[in-house]
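> Here you go, target.cif (mmCIF, C-alpha atoms):
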```cif
data_start
#
loop_
_atom_site.label_atom_id
_atom_site.label_comp_id
_atom_site.auth_asym_id
_atom_site.auth_seq_id
_atom_site.Cartn_x
_atom_site.Cartn_y
_atom_site.Cartn_z
CA MET A 289 -15.65 22.50 -4.36
CA ALA A 290 -14.89 18.91 -5.16
CA ASP A 291 -18.13 18.26 -6.97
CA ALA A 292 -17.03 20.61 -9.68
CA ALA A 293 -13.91 18.51 -10.32
CA LYS A 294 -13.48 17.42 -13.90
CA ALA A 295 -12.31 14.04 -15.11
CA SER A 296 -8.83 14.17 -16.53
CA GLU A 297 -8.36 13.03 -20.10
CA PRO A 298 -8.53 9.24 -20.28
CA SER A 299 -5.18 7.54 -20.69
CA GLN A 300 -4.02 6.90 -24.24
CA LYS A 301 -3.47 3.33 -23.14
CA SER A 302 -7.19 2.75 -23.21
CA ALA A 303 -7.58 3.79 -26.84
CA PRO A 304 -9.41 1.01 -28.70
CA GLY A 305 -7.54 -0.98 -31.28
CA GLU A 306 -4.01 -0.23 -30.16
CA GLY A 307 -1.07 -2.56 -29.96
CA SER A 308 -1.80 -5.87 -28.29
CA TYR A 309 -5.44 -4.92 -27.85
CA ALA A 310 -6.38 -5.21 -31.52
CA LEU A 311 -9.44 -7.37 -32.25
CA ARG A 312 -8.97 -11.11 -32.46
CA ALA A 313 -11.08 -13.41 -34.63
CA GLY A 314 -14.65 -13.55 -33.33
CA GLU A 315 -14.38 -10.34 -31.34
CA VAL A 316 -16.97 -7.60 -31.82
CA ALA A 317 -16.66 -3.94 -30.84
CA VAL A 318 -19.46 -1.38 -30.52
CA GLU A 319 -19.42 2.38 -30.63
CA LEU A 320 -18.95 3.76 -27.13
CA PRO A 321 -21.39 6.39 -25.82
CA ALA A 322 -20.36 9.97 -26.64
CA GLN A 323 -20.44 11.03 -22.98
CA PHE A 324 -19.31 9.69 -19.67
CA ASP A 325 -21.86 9.82 -16.85
CA VAL A 326 -19.83 9.98 -13.61
CA SER A 327 -16.21 9.99 -12.52
CA LEU A 328 -13.91 8.24 -10.08
CA TYR A 329 -11.02 9.10 -7.81
CA PHE A 330 -8.03 6.80 -7.54
CA ILE A 331 -7.75 6.40 -3.76
CA GLY A 332 -4.45 4.52 -3.69
CA ARG A 333 -2.34 1.91 -5.46
CA ILE A 334 -2.01 -1.86 -5.20
CA ARG A 335 1.59 -3.02 -5.05
CA THR A 336 2.26 -6.56 -6.27
CA PRO A 337 5.31 -8.52 -7.43
CA TRP A 338 4.05 -8.55 -11.05
CA GLN A 339 5.26 -5.98 -13.58
CA ARG A 340 3.90 -7.54 -16.76
CA ARG A 341 0.62 -9.28 -17.57
CA GLU A 342 2.40 -12.53 -18.42
CA GLU A 343 3.80 -12.67 -14.90
CA CYS A 344 0.44 -12.36 -13.11
CA PRO A 345 -1.13 -15.51 -11.63
CA LYS A 346 -4.23 -16.68 -13.53
CA ASN A 347 -6.27 -15.97 -10.44
CA GLY A 348 -5.58 -14.76 -6.95
CA GLY A 349 -6.01 -18.18 -5.39
CA GLU A 350 -2.93 -19.39 -7.24
CA SER A 351 -0.49 -17.20 -5.37
CA ASP A 352 0.55 -16.79 -1.75
CA ALA A 353 2.43 -13.57 -2.48
CA VAL A 354 1.89 -10.85 0.08
CA CYS A 355 0.72 -7.71 -1.70
CA THR A 356 0.24 -4.27 -0.22
CA VAL A 357 -2.52 -1.77 -0.67
CA GLU A 358 -1.22 1.78 -0.29
CA LEU A 359 -4.18 3.99 0.51
CA ASP A 360 -3.88 7.74 -0.03
CA PRO A 361 -3.29 9.06 3.55
CA ARG A 362 -6.26 11.40 3.02
CA TRP A 363 -8.51 8.35 3.49
CA ALA A 364 -6.58 6.58 6.27
CA GLU A 365 -9.22 7.13 8.97
CA GLY A 366 -11.65 5.26 6.76
CA LEU A 367 -9.86 2.02 7.67
CA SER A 368 -11.06 2.20 11.28
CA GLY A 369 -12.72 -1.11 12.19
CA LEU A 370 -11.53 -2.91 9.06
CA GLU A 371 -8.78 -4.63 11.08
CA THR A 372 -11.47 -6.90 12.55
CA THR A 373 -12.31 -8.42 9.16
CA SER A 374 -10.71 -11.57 7.80
CA HIS A 375 -11.23 -10.75 4.11
CA VAL A 376 -11.70 -7.59 2.09
CA TRP A 377 -12.99 -6.74 -1.36
CA LEU A 378 -10.68 -4.58 -3.39
CA LEU A 379 -12.11 -2.72 -6.35
CA TYR A 380 -9.54 -1.51 -8.82
CA TRP A 381 -9.20 0.03 -12.26
CA MET A 382 -7.92 -2.02 -15.15
CA ASP A 383 -6.31 0.94 -16.83
CA GLN A 384 -4.83 -0.90 -19.78
CA ALA A 385 -8.03 -2.40 -21.14
CA ARG A 386 -10.09 -1.31 -24.13
CA ARG A 387 -13.74 -0.69 -23.30
CA ASP A 388 -15.74 -1.28 -26.47
CA LEU A 389 -15.91 -5.08 -26.91
CA VAL A 390 -19.18 -7.00 -26.56
CA LEU A 391 -17.85 -10.35 -27.75
CA GLN A 392 -14.40 -11.53 -26.78
CA SER A 393 -12.14 -14.46 -27.55
CA PRO A 394 -9.80 -14.76 -24.57
CA ARG A 395 -6.66 -16.68 -25.51
CA HIS A 396 -7.24 -19.42 -22.94
CA TYR A 397 -10.81 -20.29 -23.99
CA ALA A 398 -11.84 -21.91 -27.24
CA GLU A 399 -15.03 -19.96 -27.89
CA GLN A 400 -16.05 -16.36 -28.05
CA ARG A 401 -18.13 -15.13 -25.10
CA GLY A 402 -20.06 -12.05 -24.19
CA THR A 403 -18.18 -9.45 -22.16
CA PHE A 404 -20.61 -9.80 -19.24
CA ALA A 405 -20.14 -13.60 -19.13
CA LEU A 406 -16.40 -13.04 -18.54
CA ARG A 407 -14.25 -11.55 -15.79
CA SER A 408 -11.94 -10.10 -18.46
CA PRO A 409 -10.60 -6.56 -17.84
CA VAL A 410 -12.05 -5.59 -21.21
CA ARG A 411 -15.51 -4.14 -20.46
CA PRO A 412 -17.31 -0.79 -20.73
CA ASN A 413 -16.31 0.10 -17.17
CA PRO A 414 -13.05 -1.73 -16.42
CA ILE A 415 -13.67 -2.12 -12.69
CA ALA A 416 -12.23 -5.34 -11.29
CA MET A 417 -13.03 -6.81 -7.91
CA ALA A 418 -11.08 -9.37 -5.93
CA VAL A 419 -11.32 -10.88 -2.46
CA ALA A 420 -8.10 -10.75 -0.48
CA ARG A 421 -7.21 -12.18 2.90
CA LEU A 422 -6.27 -9.36 5.25
CA LEU A 423 -3.05 -9.92 7.17
CA ARG A 424 -2.63 -6.53 8.86
CA ILE A 425 -3.11 -2.81 8.60
CA GLU A 426 -0.31 -0.36 9.43
CA GLY A 427 -1.22 3.28 9.02
CA ALA A 428 -2.65 3.63 5.52
CA THR A 429 -1.12 0.36 4.26
CA LEU A 430 -2.86 -3.03 4.12
CA SER A 431 -0.98 -6.30 3.70
CA VAL A 432 -3.08 -8.89 1.90
CA VAL A 433 -2.87 -12.27 0.17
CA GLY A 434 -4.82 -13.47 -2.85
CA LEU A 435 -4.37 -10.88 -5.60
CA ASP A 436 -3.40 -11.36 -9.23
CA CYS A 437 -3.17 -7.82 -10.58
CA LEU A 438 -0.29 -5.80 -11.96
CA ASP A 439 1.94 -3.75 -9.71
CA ASN A 440 0.77 -0.17 -9.27
CA THR A 441 -2.86 -0.88 -10.15
CA PRO A 442 -5.11 2.07 -9.23
CA LEU A 443 -7.37 1.39 -6.24
CA LEU A 444 -11.03 2.43 -6.27
CA ASP A 445 -12.54 1.01 -3.11
CA ILE A 446 -12.08 -1.30 -0.12
CA LYS A 447 -15.11 -3.08 1.38
CA PRO A 448 -15.48 -5.68 4.12
CA TYR A 449 -16.36 -9.17 2.86
CA PHE A 450 -19.65 -10.31 4.40
CA ALA A 451 -20.08 -14.07 4.02
CA SER A 452 -23.80 -13.68 4.74
CA THR A 453 -24.38 -11.82 1.47
CA ASP A 454 -21.24 -12.41 -0.64
CA ALA A 455 -20.59 -16.15 -0.30
CA ILE A 456 -22.62 -18.40 -2.63
CA PRO A 457 -20.60 -21.61 -2.55
CA ASP A 458 -22.96 -23.51 -4.85
CA ALA A 459 -23.10 -20.86 -7.59
CA SER A 460 -22.22 -22.20 -11.03
CA VAL A 461 -20.99 -20.91 -14.36
CA GLY A 462 -22.22 -23.45 -16.90
CA TRP A 463 -20.04 -22.40 -19.82
CA HIS A 464 -16.95 -22.62 -17.66
CA ALA A 465 -17.65 -26.02 -16.14
CA GLY A 466 -16.06 -27.91 -19.01
CA CYS A 467 -13.16 -25.52 -19.62
CA LYS A 468 -9.55 -26.11 -18.76
CA ARG A 469 -7.68 -22.96 -17.89
CA MET B 1359 -13.66 9.25 -30.64
CA ALA B 1360 -14.98 7.89 -27.39
CA ASP B 1361 -11.80 8.43 -25.46
CA ALA B 1362 -12.23 12.13 -25.83
CA ALA B 1363 -15.61 11.96 -24.10
CA LYS B 1364 -15.91 14.22 -21.09
CA ALA B 1365 -17.61 13.39 -17.84
CA SER B 1366 -20.82 15.26 -17.40
CA GLU B 1367 -21.16 17.52 -14.40
CA PRO B 1368 -21.70 15.46 -11.27
CA SER B 1369 -25.26 15.46 -10.00
CA GLN B 1370 -26.18 18.13 -7.51
CA LYS B 1371 -27.58 15.32 -5.42
CA SER B 1372 -24.06 14.26 -4.50
CA ALA B 1373 -23.11 17.65 -3.09
CA PRO B 1374 -21.71 17.13 0.41
CA GLY B 1375 -23.69 18.43 3.32
CA GLU B 1376 -27.08 18.64 1.69
CA GLY B 1377 -30.44 17.69 3.11
CA SER B 1378 -30.56 14.30 4.77
CA TYR B 1379 -26.84 13.81 4.11
CA ALA B 1380 -25.61 16.33 6.65
CA LEU B 1381 -22.99 15.06 9.11
CA ARG B 1382 -24.22 13.13 12.14
CA ALA B 1383 -22.42 13.08 15.48
CA GLY B 1384 -19.09 11.27 15.17
CA GLU B 1385 -18.88 11.61 11.41
CA VAL B 1386 -15.76 13.05 9.80
CA ALA B 1387 -15.40 14.45 6.28
CA VAL B 1388 -12.19 15.10 4.34
CA GLU B 1389 -11.45 17.39 1.43
CA LEU B 1390 -11.96 15.51 -1.82
CA PRO B 1391 -9.20 15.48 -4.44
CA ALA B 1392 -9.39 18.41 -6.87
CA GLN B 1393 -9.46 16.14 -9.93
CA PHE B 1394 -11.18 12.98 -10.98
CA ASP B 1395 -8.97 10.30 -12.54
CA VAL B 1396 -11.24 8.27 -14.83
CA SER B 1397 -14.88 8.13 -15.86
CA LEU B 1398 -17.72 5.67 -16.19
CA TYR B 1399 -20.59 4.97 -18.54
CA PHE B 1400 -23.98 4.04 -17.20
CA ILE B 1401 -24.75 0.88 -19.20
CA GLY B 1402 -28.35 0.41 -18.09
CA ARG B 1403 -30.75 0.71 -15.18
CA ILE B 1404 -31.86 -1.60 -12.38
CA ARG B 1405 -35.63 -1.67 -11.91
CA THR B 1406 -36.87 -2.60 -8.46
CA PRO B 1407 -40.14 -2.20 -6.52
CA TRP B 1408 -38.55 0.39 -4.17
CA GLN B 1409 -38.95 4.10 -4.81
CA ARG B 1410 -37.63 5.44 -1.50
CA ARG B 1411 -34.71 4.38 0.69
CA GLU B 1412 -37.02 3.55 3.60
CA GLU B 1413 -38.76 0.97 1.42
CA CYS B 1414 -35.59 -0.95 0.45
CA PRO B 1415 -34.87 -4.27 2.20
CA LYS B 1416 -31.89 -4.07 4.58
CA ASN B 1417 -30.07 -6.50 2.37
CA GLY B 1418 -30.84 -8.41 -0.78
CA GLY B 1419 -31.28 -11.71 1.00
CA GLU B 1420 -34.35 -10.35 2.78
CA SER B 1421 -36.46 -10.05 -0.33
CA ASP B 1422 -37.76 -12.46 -2.95
CA ALA B 1423 -38.85 -9.62 -5.23
CA VAL B 1424 -38.05 -10.18 -8.89
CA CYS B 1425 -36.08 -7.19 -10.16
CA THR B 1426 -35.06 -6.47 -13.72
CA VAL B 1427 -31.81 -5.21 -15.15
CA GLU B 1428 -32.39 -3.20 -18.30
CA LEU B 1429 -29.14 -3.15 -20.22
CA ASP B 1430 -28.61 -0.50 -22.90
CA PRO B 1431 -29.28 -2.43 -26.16
CA ARG B 1432 -25.87 -1.27 -27.40
CA TRP B 1433 -24.32 -3.85 -25.05
CA ALA B 1434 -26.85 -6.70 -25.53
CA GLU B 1435 -24.43 -9.05 -27.33
CA GLY B 1436 -22.23 -8.88 -24.25
CA LEU B 1437 -24.74 -11.11 -22.43
CA SER B 1438 -23.91 -14.10 -24.64
CA GLY B 1439 -23.06 -17.06 -22.41
CA LEU B 1440 -24.27 -15.40 -19.22
CA GLU B 1441 -27.50 -17.42 -19.37
CA THR B 1442 -25.51 -20.46 -18.19
CA THR B 1443 -24.64 -18.82 -14.85
CA SER B 1444 -26.70 -19.26 -11.70
CA HIS B 1445 -25.66 -15.97 -10.06
CA VAL B 1446 -24.35 -12.64 -11.28
CA TRP B 1447 -22.57 -9.70 -9.73
CA LEU B 1448 -24.17 -6.37 -10.44
CA LEU B 1449 -22.09 -3.25 -9.98
CA TYR B 1450 -24.09 -0.06 -9.71
CA TRP B 1451 -23.75 3.59 -8.89
CA MET B 1452 -25.12 4.97 -5.63
CA ASP B 1453 -25.91 8.32 -7.12
CA GLN B 1454 -27.43 9.89 -4.04
CA ALA B 1455 -24.47 9.45 -1.70
CA ARG B 1456 -21.93 12.02 -0.55
CA ARG B 1457 -18.35 10.98 -1.16
CA ASP B 1458 -16.20 12.72 1.43
CA LEU B 1459 -16.78 10.84 4.72
CA VAL B 1460 -14.02 8.78 6.36
CA LEU B 1461 -15.87 8.06 9.60
CA GLN B 1462 -19.57 7.30 9.58
CA SER B 1463 -22.31 6.68 12.13
CA PRO B 1464 -24.94 4.65 10.32
CA ARG B 1465 -28.30 4.91 12.06
CA HIS B 1466 -28.57 1.17 12.71
CA TYR B 1467 -25.16 0.77 14.42
CA ALA B 1468 -24.16 2.19 17.78
CA GLU B 1469 -20.58 3.18 16.97
CA GLN B 1470 -18.83 5.18 14.31
CA ARG B 1471 -16.84 3.14 11.78
CA GLY B 1472 -14.43 3.82 8.99
CA THR B 1473 -15.94 4.10 5.53
CA PHE B 1474 -13.94 1.10 4.29
CA ALA B 1475 -15.19 -1.09 7.16
CA LEU B 1476 -18.77 -0.47 6.00
CA ARG B 1477 -20.84 -1.32 2.92
CA SER B 1478 -22.53 2.07 3.16
CA PRO B 1479 -23.19 3.91 -0.14
CA VAL B 1480 -21.22 6.84 1.29
CA ARG B 1481 -17.64 6.39 0.02
CA PRO B 1482 -15.17 8.16 -2.28
CA ASN B 1483 -16.33 6.06 -5.23
CA PRO B 1484 -19.95 5.08 -4.57
CA ILE B 1485 -19.82 1.79 -6.45
CA ALA B 1486 -22.01 -0.89 -4.91
CA MET B 1487 -21.88 -4.58 -5.70
CA ALA B 1488 -24.49 -7.21 -5.09
CA VAL B 1489 -24.92 -10.88 -5.96
CA ALA B 1490 -28.23 -11.72 -7.60
CA ARG B 1491 -29.73 -15.03 -8.61
CA LEU B 1492 -30.31 -15.06 -12.35
CA LEU B 1493 -33.77 -16.24 -13.39
CA ARG B 1494 -33.65 -15.51 -17.13
CA ILE B 1495 -32.40 -13.26 -19.87
CA GLU B 1496 -34.70 -11.93 -22.58
CA GLY B 1497 -33.03 -9.69 -25.11
CA ALA B 1498 -31.21 -7.01 -23.12
CA THR B 1499 -33.24 -7.60 -19.94
CA LEU B 1500 -32.23 -9.81 -17.02
CA SER B 1501 -34.69 -10.99 -14.37
CA VAL B 1502 -32.98 -11.49 -11.02
CA VAL B 1503 -33.70 -12.04 -7.32
CA GLY B 1504 -31.74 -10.74 -4.35
CA LEU B 1505 -31.38 -6.98 -4.78
CA ASP B 1506 -32.05 -4.20 -2.29
CA CYS B 1507 -31.40 -1.03 -4.31
CA LEU B 1508 -33.67 1.80 -5.35
CA ASP B 1509 -35.64 1.68 -8.56
CA ASN B 1510 -33.82 3.17 -11.54
CA THR B 1511 -30.34 2.71 -10.06
CA PRO B 1512 -27.64 3.24 -12.74
CA LEU B 1513 -25.89 0.01 -13.78
CA LEU B 1514 -22.09 -0.11 -14.21
CA ASP B 1515 -21.25 -3.74 -14.85
CA ILE B 1516 -22.46 -7.34 -14.88
CA LYS B 1517 -20.03 -10.16 -14.06
CA PRO B 1518 -20.48 -13.92 -13.64
CA TYR B 1519 -20.20 -15.13 -10.03
CA PHE B 1520 -17.39 -17.65 -9.71
CA ALA B 1521 -17.69 -19.63 -6.47
CA SER B 1522 -14.07 -20.71 -6.85
CA THR B 1523 -12.80 -17.18 -6.28
CA ASP B 1524 -15.76 -15.23 -4.86
CA ALA B 1525 -17.19 -17.53 -2.16
CA ILE B 1526 -15.43 -17.40 1.21
CA PRO B 1527 -18.07 -18.92 3.51
CA ASP B 1528 -15.91 -18.68 6.64
CA ALA B 1529 -14.96 -15.02 6.21
CA SER B 1530 -15.75 -12.91 9.26
CA VAL B 1531 -16.33 -9.27 10.14
CA GLY B 1532 -15.41 -8.97 13.80
CA TRP B 1533 -17.01 -5.62 14.53
CA HIS B 1534 -20.29 -6.82 13.06
CA ALA B 1535 -20.46 -10.14 14.89
CA GLY B 1536 -22.08 -8.64 17.97
CA CYS B 1537 -24.38 -6.20 16.17
CA LYS B 1538 -28.09 -6.48 15.74
CA ARG B 1539 -29.41 -4.96 12.55
#
```
Before we go any further, please render this structure as structure tokens.

Amino acid sequence: MADAAKASEPSQKSAPGEGSYALRAGEVAVELPAQFDVSLYFIGRIRTPWQRREECPKNGGESDAVCTVELDPRWAEGLSGLETTSHVWLLYWMDQARRDLVLQSPRHYAEQRGTFALRSPVRPNPIAMAVARLLRIEGATLSVVGLDCLDNTPLLDIKPYFASTDAIPDASVGWHAGCKR
Amino acid sequence: MADAAKASEPSQKSAPGEGSYALRAGEVAVELPAQFDVSLYFIGRIRTPWQRREECPKNGGESDAVCTVELDPRWAEGLSGLETTSHVWLLYWMDQARRDLVLQSPRHYAEQRGTFALRSPVRPNPIAMAVARLLRIEGATLSVVGLDCLDNTPLLDIKPYFASTDAIPDASVGWHAGCKR
């Protein structure tokens, strides 16, 4: 029975303090909880033109590249009706990020910020979300525009974008207003 | 070391086929994968006025109730800078939902739809996301408006809402356009 499934061992890539993920000046790490609470299935992969982080656009709006979302065929029927939507949310797993930072100093900002004030992949649960424009669905494959993630990124969820609840055009992020990216 | 942490046993509440979560006409379940891939920490709880699903507003925009997000104090420094944002994304875990449906027949819609065409809590990874208006932050507690979830819902993440990437006011969901809720 699936509910008895165990989480596999987390990837070594997410070990804190390794390689390029060592702390920078002003960054603060905390001790992670001893236990996880719940677990996720990867339900597919996102295929993009970008193999290395340096190649990725700074945000999805900067690229017109057509990316594909390859859903595990097990879930293909779950796409029924999605073809009528103009935009979709993709939730995906940032599998190369450390999880224990509370204060971060991203390279492109001058000051340190709290993890929850940033969209950085470094966070206790490295779930990223991005809106993409849906071009078409063929079988279990979606063609979309507007992503900025690495090729082969693990997919967690697909949701329809509802402007009535998701679009807040006048929302503001004060700390970011004066920043150049 | 935190990376060696194991996921706890999934809640019995998420067992497929139980109680009020039995299949309705037109609903289709698939066999879940035998293994989970990665695991999550609950980083806090969302406190709302709603103790039962029937009490929850249909969507967050329907209620002006002030809800609170109680972040685990371990992560409190991660809020630094978030006080300058007008709106936040909250990601949370729908811990009472079954995870194996690909086609669903929600009570308030006439037709069955694919899981990924719906915002239903029933999905392979029951991660919900909602925009909330941020009123204030005191210590590790956020006061917000615009939620519709049950009291004590487990929190997974807090992110700033960036209108530049998140707001698509003209996005459409064709199948929903003719529906009354």
> List as a PyMOL selection string the protein and nucleic acid residues near range 1495-1501 of chain B, meaning an atom at most 9 Å away when all atoms listed in the file are counted, but skip any in the same chain fewer than 3 places from it.
chain B and resi 1424-1435+1437+1440-1441+1491-1492
> Within 6 Å of chain B, which residues of chain A show up? Give each one with its shortest atom-to-atom distance in Å (one decimal) and the two atoms involved, counting all atoms listed in the file, rows by chain then rising residue number, as a tab-separated table.

```
residue	atom	partner	partner_atom	distance
A:Ala290	CA	B:Leu1390	CA	5.6
A:Ala293	CA	B:Gln1393	CA	5.1
A:Lys294	CA	B:Phe1394	CA	5.8
A:Ala295	CA	B:Phe1394	CA	4.4
A:Ser296	CA	B:Asp1395	CA	5.6
A:Leu320	CA	B:Ala1360	CA	5.7
A:Ala322	CA	B:Ala1363	CA	5.7
A:Gln323	CA	B:Ala1363	CA	5.0
A:Phe324	CA	B:Ala1365	CA	4.5
A:Asp325	CA	B:Tyr1399	CA	5.3
A:Val326	CA	B:Leu1398	CA	5.4
A:Ser327	CA	B:Ser1397	CA	4.0
A:Leu328	CA	B:Val1396	CA	5.4
A:Tyr329	CA	B:Phe1394	CA	5.0
A:Glu365	CA	B:Val1460	CA	5.7
A:Gly366	CA	B:Gly1472	CA	3.8
A:Leu367	CA	B:Gly1472	CA	5.1
A:Ser368	CA	B:Gly1472	CA	4.4
A:Gly369	CA	B:Ala1475	CA	5.6
A:Leu370	CA	B:Ala1475	CA	4.5
A:Thr372	CA	B:Gly1532	CA	4.6
A:Thr373	CA	B:Val1531	CA	4.2
A:Ser374	CA	B:Ser1530	CA	5.4
A:Val390	CA	B:Gly1436	CA	4.3
A:Leu391	CA	B:Gly1436	CA	5.8
A:Arg401	CA	B:Ser1438	CA	5.9
A:Gly402	CA	B:Gly1436	CA	3.8
A:Thr403	CA	B:Gly1436	CA	4.6
A:Phe404	CA	B:Lys1517	CA	5.2
A:Ala405	CA	B:Leu1440	CA	4.5
A:Asn413	CA	B:Leu1398	CA	5.8
A:Ile446	CA	B:Phe1474	CA	5.4
A:Lys447	CA	B:Phe1474	CA	5.2
A:Pro448	CA	B:Ala1475	CA	5.5
A:Ala451	CA	B:Pro1527	CA	5.3
A:Ala455	CA	B:Ala1525	CA	4.1
A:Ile456	CA	B:Ala1525	CA	5.5
A:Pro457	CA	B:Ala1521	CA	5.3
A:Ala459	CA	B:Ala1521	CA	5.7
A:Ser460	CA	B:Ser1444	CA	5.4
A:Val461	CA	B:Thr1443	CA	4.2
A:Gly462	CA	B:Thr1442	CA	4.6
```
> How many Å lie between CA of Asn1510 in chain B and CA of Thr1406 in chain B, rounded to one decimal?
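According to the coordinates, CA of Asn1510 in chain B and CA of Thr1406 in chain B are separated by 7.2 Å.
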> Matching each Cα of chain B to the same-order Cα of chain A and superposing by least squares, what RMSD do you find?
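Between these identical-sequence chains, the C-alpha RMSD is 0.0 Å.
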> Enter the distance from CA of Gly332 in chain A to CA of Gln1454 in chain B, in Å, rounded to one decimal.
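Interatomic distance, CA of Gly332 in chain A to CA of Gln1454 in chain B: 23.6 Å.
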